[in-house]
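Take a look at the structure set out below.
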Amino acid sequence: MLNIELQHFGGRGAASSTAKGKSSLKYFKEAARQFNEAKISANKGNYYALEYTHANGETITYYSQGNGNFEQKESLMEKTHSRRKGTLKASYTKQ
């Protein structure tokens, strides 16, 4: 899903950081938080699909299983769409 460039850790107390100074761990946590918020919004809004653009620019469509979970396989999608509507489009925003 996400391609995050991790650098080698040095000795004790050394920290890995990206070129912009933000650590890879903080970057990953923020990306995961935003994706989880998008899934929650899609579930609360009764959308049957979530089209999410990840931090690396890749857009993937996730389909609702009807229990709050979203999967990439359309075959697992909830079969009764009477109470569900369209696709929610969301994307990663830089902090």
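Residue numbers start at 1 in each chain; chains themselves are named A, B, ... in the order of the structure tokens; ligands are numbered from 1 in the order shown.
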
Exercise for the section: Compile the contact shell of range 54-64 of chain A as a PyMOL selection string: residues with an atom at most 6 Å away, counting only C-alpha atoms, same-chain residues fewer than 4 positions apart removed. Expected result: chain A and resi 48-50+70-72+74+77+92

Got time to write the residues from that selection, N, CA and C atoms, as a CSV table (one decimal), in the first residue's frame?
```csv
chain,number,residue,atom,x,y,z
A,48,TYR,N,-21.0,2.4,0.1
A,48,TYR,CA,-20.6,1.1,-0.2
A,48,TYR,C,-19.2,0.9,-0.7
A,49,ALA,N,-18.5,2.1,-1.0
A,49,ALA,CA,-17.1,2.0,-1.5
A,49,ALA,C,-16.4,3.3,-1.0
A,50,LEU,N,-15.1,3.1,-0.8
A,50,LEU,CA,-14.2,4.2,-0.4
A,50,LEU,C,-13.1,4.2,-1.4
A,70,PHE,N,-13.6,-2.6,5.4
A,70,PHE,CA,-13.5,-2.4,3.9
A,70,PHE,C,-12.4,-3.2,3.4
A,71,GLU,N,-12.6,-3.9,2.3
A,71,GLU,CA,-11.7,-4.7,1.6
A,71,GLU,C,-11.5,-4.3,0.2
A,72,GLN,N,-10.4,-4.7,-0.5
A,72,GLN,CA,-10.1,-4.3,-1.8
A,72,GLN,C,-10.9,-5.2,-2.8
A,74,GLU,N,-14.0,-6.7,-4.6
A,74,GLU,CA,-15.4,-6.3,-4.8
A,74,GLU,C,-16.3,-7.5,-4.5
A,77,MET,N,-17.9,-7.5,-1.2
A,77,MET,CA,-18.8,-6.3,-0.9
A,77,MET,C,-20.2,-6.8,-0.4
A,92,TYR,N,-5.0,11.4,1.3
A,92,TYR,CA,-4.0,11.8,2.3
A,92,TYR,C,-3.7,13.3,2.1
```

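In this comparison, which uses only C-alpha atoms, the residue of A:Arg33, A:Lys26, A:Lys85, A:Lys73 approaching Asn46 in chain A most closely is A:Lys85.
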
Practice task
State, in Å with one decimal place, the distance from CA of Asn36 in chain A to CA of Tyr52 in chain A.
Solution key: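 Separation of CA of Asn36 in chain A and CA of Tyr52 in chain A: 10.6 Å.
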
Exercise for the section: Identify, on the basis of only C-alpha atoms, every residue whose closest approach to Lys94 in chain A does not exceed 10 Å; exclude the query and any residue fewer than 3 positions from it along the same chain; express the result as a list in words. Expected result: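 Residues near the query, excluding close chain neighbours: Tyr27, Glu30, Ala31, Ala55 and Ser91 of chain A.
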
Write the residues you've just listed into a file as a compact mmCIF listing (two decimals), in the first residue's frame, and include N, CA, C and O atoms for each of them.
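What landed in selection_3.txt:
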```
# COMPACT_ATOMS: atom_id res chain seq x y z
N TYR A 27 5.37 9.95 10.25
CA TYR A 27 4.76 10.00 8.92
C TYR A 27 3.81 8.83 8.73
O TYR A 27 2.67 9.00 8.29
N GLU A 30 0.63 9.17 10.93
CA GLU A 30 -0.29 10.17 10.40
C GLU A 30 -1.03 9.63 9.18
O GLU A 30 -2.24 9.84 9.03
N ALA A 31 -0.34 8.92 8.31
CA ALA A 31 -0.98 8.33 7.13
C ALA A 31 -2.02 7.30 7.55
O ALA A 31 -3.13 7.26 7.00
N ALA A 55 -0.67 8.32 0.49
CA ALA A 55 0.40 9.32 0.53
C ALA A 55 1.34 9.21 -0.67
O ALA A 55 1.91 10.21 -1.11
N SER A 91 -8.48 11.47 0.43
CA SER A 91 -7.06 11.36 0.12
C SER A 91 -6.21 11.83 1.30
O SER A 91 -6.68 12.56 2.17
```

Exercise for the section: Measure the distance from CA of Gly66 in chain A to CA of Phe35 in chain A in Å and round it to one decimal. Expected result: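 Computed distance, CA of Gly66 in chain A to CA of Phe35 in chain A, equals 17.9 Å.
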
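Distance-wise, CA of Lys44 in chain A and CA of Leu25 in chain A end up 28.5 Å apart.
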